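Engineer: Below are the structure tokens for one structure; questions will follow.
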Amino acid sequence: MRAMVYRGPYKVRVEEKDIPKIEHPNDAIVRVSRGAICGSDLHLYHGMMPDTRVGMTFGHEFVGTVHEVGSSVQNVSVGDRVMVPFNVYCGSCYFCSRGLYSNCHNVNPNATAVGGIYGYSHTCGGYDGGQAEFVRVPFADVGPSKIPDWMDEEDAVLLTDACPTGYFGAQLGDIVEGDTVVVFGAGPVGLFAAKSSWLMGAGRVIVIDHLEYRLEKARTFAHAETYNFTEYDDIVVHLKKETDYLGADVVIDAVGAEADGNFLQHVTAAKLKLQGGSPIALNWAIDSVRKGGTVSVVGAYGPLFSAVKFGDAMNKGLTLRMNQCPVKRQWPRLFEHIRNGYLKPSDIVTHRIPLEHIAEGYHIFSAKLDNIIKPLVVAGQS
């Protein structure tokens, strides 16, 4: 099969790999029809995620058709169109039994925090991802679900991470009717967080970014008020002015570890085997939320060495809520919002990249060229 293969920082290419095989009776092999490149994939691409090994295939957002199933699989069959959440999870461990699918112990038993994630380094279990023609899906009775007949597969692929993660970010905010919500980041997760905030009862939604084309999307897709932080000496001061000098009720960090960071952070992170980057957005969130407010974190972070303002968070009496999204828990409500016409996830898709051209796709996405917001990967086309 053809698959994206990591060859080092800023180096990915398409190569021939063996089609994955059934390794356990509860496995399925899925033939991928649509995948995506996620903003968090850029942390891998930039060499900022520890234990990202040469030869790995990225991609934690994908849908496709079941090609083969193990002898124990009962809930999906060969030929079924399926959507696969980015979380690899067993469904039965201590954490899964409490709905913490993103913290499953059995799929990543040597980790102290994260569970398993497709295509996201050996830190997250070492599972090859879906930027390929085929992918092995463990625990196929609990992860993948059949795509409803009425759902377009491009909407479905956005439901494997970006859309539910944004929704989860708004959910973690415990938004009360009339709240002012600030979202840092107008990428896919931030756009979905902003749009979802209205569903939770927000009275005002503000999105912060530095790319004007993404802010325009926040205005048209999420109907949010927007500010470009490069136009202000201090975006936190501006947000205080906009909120009667109190601060926002809820702030959502949809940025995570800045993919840029600086040279010292990159070198130190590499030596300490930590994720590189900078928590600028998280510190802005802590500074711009009101006393007693809530900060929701759904942007991707590794075990950062960088200073986060936890002293300020404590002294302001903030509630901090965060996790990798347990995707499948969000699907019933998101299905409803899609079916009633409120939400069309694929509206944020800007690029459809054939698998053969994925190296170019990573370059465009990394450099933020061509007004890119969300690139899909189309398997089987050149």
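Just so we're on the same page: first chain in the structure tokens is A, next is B, and so on; residues restart at 1 for each chain, and ligands are numbered from 1 in the order they show up.
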I'd like to know which residues of range 31-160 of chain A are strand (DSSP E) (by DSSP, run on the backbone); could you write them as a PyMOL selection string?

Structural biologist: chain A and resi 31-36+62-69+81-84+87-88+116-117+134-137+145-146

Engineer: Could you write out the selected residues, including C-alpha atoms, as a PDB file, in the first residue's frame?

Structural biologist:
```
ATOM      1  CA  ARG A  31      -9.328   0.870   3.801  1.00  0.00           C
ATOM      2  CA  VAL A  32      -9.050   4.639   4.142  1.00  0.00           C
ATOM      3  CA  SER A  33     -11.081   6.895   1.867  1.00  0.00           C
ATOM      4  CA  ARG A  34     -10.585  10.250   3.601  1.00  0.00           C
ATOM      5  CA  GLY A  35      -8.044  11.399   6.141  1.00  0.00           C
ATOM      6  CA  ALA A  36      -6.890  14.803   7.313  1.00  0.00           C
ATOM      7  CA  PHE A  62      -9.730   9.115   9.022  1.00  0.00           C
ATOM      8  CA  VAL A  63     -12.772   7.287   7.715  1.00  0.00           C
ATOM      9  CA  GLY A  64     -13.067   4.377   5.326  1.00  0.00           C
ATOM     10  CA  THR A  65     -14.457   0.931   4.617  1.00  0.00           C
ATOM     11  CA  VAL A  66     -13.857  -2.176   6.710  1.00  0.00           C
ATOM     12  CA  HIS A  67     -11.542  -4.422   4.682  1.00  0.00           C
ATOM     13  CA  GLU A  68     -11.003  -7.269   7.160  1.00  0.00           C
ATOM     14  CA  VAL A  69     -12.027  -8.125  10.724  1.00  0.00           C
ATOM     15  CA  ARG A  81     -18.356   2.526   6.048  1.00  0.00           C
ATOM     16  CA  VAL A  82     -16.851   3.553   9.377  1.00  0.00           C
ATOM     17  CA  MET A  83     -15.589   6.614  11.196  1.00  0.00           C
ATOM     18  CA  VAL A  84     -12.785   6.014  13.679  1.00  0.00           C
ATOM     19  CA  ASN A  87      -8.532   7.706  20.569  1.00  0.00           C
ATOM     20  CA  VAL A  88      -7.360   4.096  20.629  1.00  0.00           C
ATOM     21  CA  GLY A 116      -3.392   5.754  22.662  1.00  0.00           C
ATOM     22  CA  ILE A 117      -3.644   8.001  19.612  1.00  0.00           C
ATOM     23  CA  PHE A 134      -5.014   0.971   4.953  1.00  0.00           C
ATOM     24  CA  VAL A 135      -4.803   1.163   8.745  1.00  0.00           C
ATOM     25  CA  ARG A 136      -5.087  -1.354  11.574  1.00  0.00           C
ATOM     26  CA  VAL A 137      -7.824  -0.471  14.075  1.00  0.00           C
ATOM     27  CA  SER A 145     -18.852   3.338  14.315  1.00  0.00           C
ATOM     28  CA  LYS A 146     -20.790   2.955  11.103  1.00  0.00           C
TER      29      LYS A 146
END
```

Engineer: When you look at Thr57 in chain A with a cut-off of 7 Å (counting only C-alpha atoms), what residues show up, excluding the ones that are within fewer than 4 positions of it in the same chain? I need them as a list in words.

Structural biologist: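 Residues near the query, excluding close chain neighbours: Ala3, Met4, Val5, Tyr6, Gly119, Asp128, Gly129 and Gln131 of chain A.
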
Engineer: From the list A:Thr226, A:Asn108, A:Thr180, A:Thr220, which residue is nearest Ala202 in chain A when using only C-alpha atoms?

Structural biologist: A:Thr180

Engineer: Might you pull out every residue within 12 Å of Met200 in chain A, with only C-alpha atoms counted and same-chain residues fewer than 2 positions away left off, and present them as a ChimeraX atom specification?

Structural biologist: /A:167-181,193-198,202-205,250,333

Engineer: For the residues in the current selection, export C-alpha atoms as a compact mmCIF listing (two decimals), in the first residue's frame.

Structural biologist:
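out-v8.txt was written with the following content:
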```txt
# COMPACT_ATOMS: atom_id res chain seq x y z
CA TYR A 167 -17.38 20.95 21.13
CA PHE A 168 -15.67 19.35 24.12
CA GLY A 169 -13.72 22.56 24.70
CA ALA A 170 -16.96 24.52 24.99
CA GLN A 171 -18.45 21.79 27.17
CA LEU A 172 -15.49 21.91 29.57
CA GLY A 173 -16.10 25.64 29.98
CA ASP A 174 -19.37 25.02 31.85
CA ILE A 175 -20.84 27.95 29.96
CA VAL A 176 -23.82 29.61 31.65
CA GLU A 177 -26.54 31.45 29.72
CA GLY A 178 -25.22 34.85 28.65
CA ASP A 179 -21.54 34.17 29.34
CA THR A 180 -18.78 35.92 27.44
CA VAL A 181 -16.51 33.29 25.91
CA ALA A 193 -15.28 25.63 19.91
CA ALA A 194 -16.61 29.07 19.03
CA LYS A 195 -19.63 27.72 17.15
CA SER A 196 -20.34 25.22 19.94
CA SER A 197 -20.21 27.96 22.57
CA TRP A 198 -23.44 29.40 21.20
CA ALA A 202 -22.99 31.98 25.35
CA GLY A 203 -24.14 35.56 24.99
CA ARG A 204 -20.94 36.75 23.34
CA VAL A 205 -18.18 34.80 21.57
CA VAL A 250 -14.84 31.40 30.02
CA ARG A 333 -25.22 15.31 20.24
```

Engineer: Give me the residues near Leu343 in chain A as an mmCIF file with N, CA and C atoms, in the first residue's frame, where near means some atom within 10 Å (using only C-alpha atoms) and where sequence neighbours in that chain fewer than 5 positions away do not count.

Structural biologist:
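To be explicit, this is the file written out as out-v6.cif:
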```
data_model
loop_
_atom_site.group_PDB
_atom_site.id
_atom_site.type_symbol
_atom_site.label_atom_id
_atom_site.label_comp_id
_atom_site.auth_asym_id
_atom_site.auth_seq_id
_atom_site.Cartn_x
_atom_site.Cartn_y
_atom_site.Cartn_z
ATOM 1 N N ASP A 155 -17.983 15.206 6.242
ATOM 2 C CA ASP A 155 -18.436 15.598 7.575
ATOM 3 C C ASP A 155 -17.969 14.568 8.601
ATOM 4 N N CYS A 163 -13.965 18.466 15.170
ATOM 5 C CA CYS A 163 -15.289 18.937 15.570
ATOM 6 C C CYS A 163 -15.625 18.544 17.009
ATOM 7 N N PHE A 192 -14.683 25.303 15.769
ATOM 8 C CA PHE A 192 -15.757 24.468 16.309
ATOM 9 C C PHE A 192 -16.058 24.823 17.767
ATOM 10 N N LYS A 195 -18.257 28.021 17.594
ATOM 11 C CA LYS A 195 -19.625 27.723 17.150
ATOM 12 C C LYS A 195 -20.387 26.943 18.220
ATOM 13 N N SER A 196 -19.695 26.027 18.896
ATOM 14 C CA SER A 196 -20.340 25.224 19.935
ATOM 15 C C SER A 196 -20.684 26.055 21.165
ATOM 16 N N PHE A 221 -18.302 31.456 9.759
ATOM 17 C CA PHE A 221 -18.686 30.099 10.168
ATOM 18 C C PHE A 221 -19.233 30.070 11.591
ATOM 19 N N ALA A 222 -18.541 30.754 12.501
ATOM 20 C CA ALA A 222 -18.920 30.698 13.918
ATOM 21 C C ALA A 222 -19.660 31.941 14.389
ATOM 22 N N LEU A 334 -23.569 15.660 18.482
ATOM 23 C CA LEU A 334 -23.108 16.257 17.229
ATOM 24 C C LEU A 334 -23.900 15.726 16.043
ATOM 25 N N PHE A 335 -24.236 14.450 16.049
ATOM 26 C CA PHE A 335 -25.085 13.905 14.988
ATOM 27 C C PHE A 335 -26.389 14.693 14.909
ATOM 28 N N GLU A 336 -26.955 14.991 16.068
ATOM 29 C CA GLU A 336 -28.223 15.732 16.115
ATOM 30 C C GLU A 336 -28.060 17.127 15.523
ATOM 31 N N HIS A 337 -26.969 17.809 15.881
ATOM 32 C CA HIS A 337 -26.753 19.169 15.384
ATOM 33 C C HIS A 337 -26.487 19.179 13.878
ATOM 34 N N ILE A 338 -25.844 18.143 13.374
ATOM 35 C CA ILE A 338 -25.616 18.048 11.928
ATOM 36 C C ILE A 338 -26.925 17.762 11.208
#
```

Engineer: Residues at most 9 Å from range 42-45 of chain A, counting only C-alpha atoms, excluding those fewer than 2 positions away in the same chain, as an NGL selection string?

Structural biologist: :A and (6 or 8-12 or 37-40 or 47-50 or 52 or 58 or 120-121 or 257-259 or 275-277 or 362 or 365-366)

Engineer: Check range 209-246 of chain A with DSSP on the backbone and list each residue it calls alpha helix (DSSP H), as an MDAnalysis selection string.

Structural biologist: chainID A and resid 212:221 235:242

Engineer: Mind dumping the selected residues with C-alpha atoms as a CSV table (one decimal), in the first residue's frame?

Structural biologist:
```csv
chain,number,residue,atom,x,y,z
A,212,GLU,CA,-6.8,37.5,9.0
A,213,TYR,CA,-8.2,34.8,6.7
A,214,ARG,CA,-8.8,32.5,9.7
A,215,LEU,CA,-10.5,35.4,11.6
A,216,GLU,CA,-12.8,35.9,8.6
A,217,LYS,CA,-13.8,32.2,8.8
A,218,ALA,CA,-14.5,32.7,12.5
A,219,ARG,CA,-16.9,35.5,11.6
A,220,THR,CA,-18.7,33.7,8.8
A,221,PHE,CA,-18.7,30.1,10.2
A,235,ILE,CA,-4.3,41.6,23.7
A,236,VAL,CA,-5.0,40.8,27.3
A,237,VAL,CA,-5.5,44.5,28.1
A,238,HIS,CA,-7.7,44.9,25.1
A,239,LEU,CA,-9.9,42.0,26.2
A,240,LYS,CA,-10.1,43.4,29.7
A,241,LYS,CA,-11.4,46.7,28.2
A,242,GLU,CA,-13.9,44.8,26.1
```
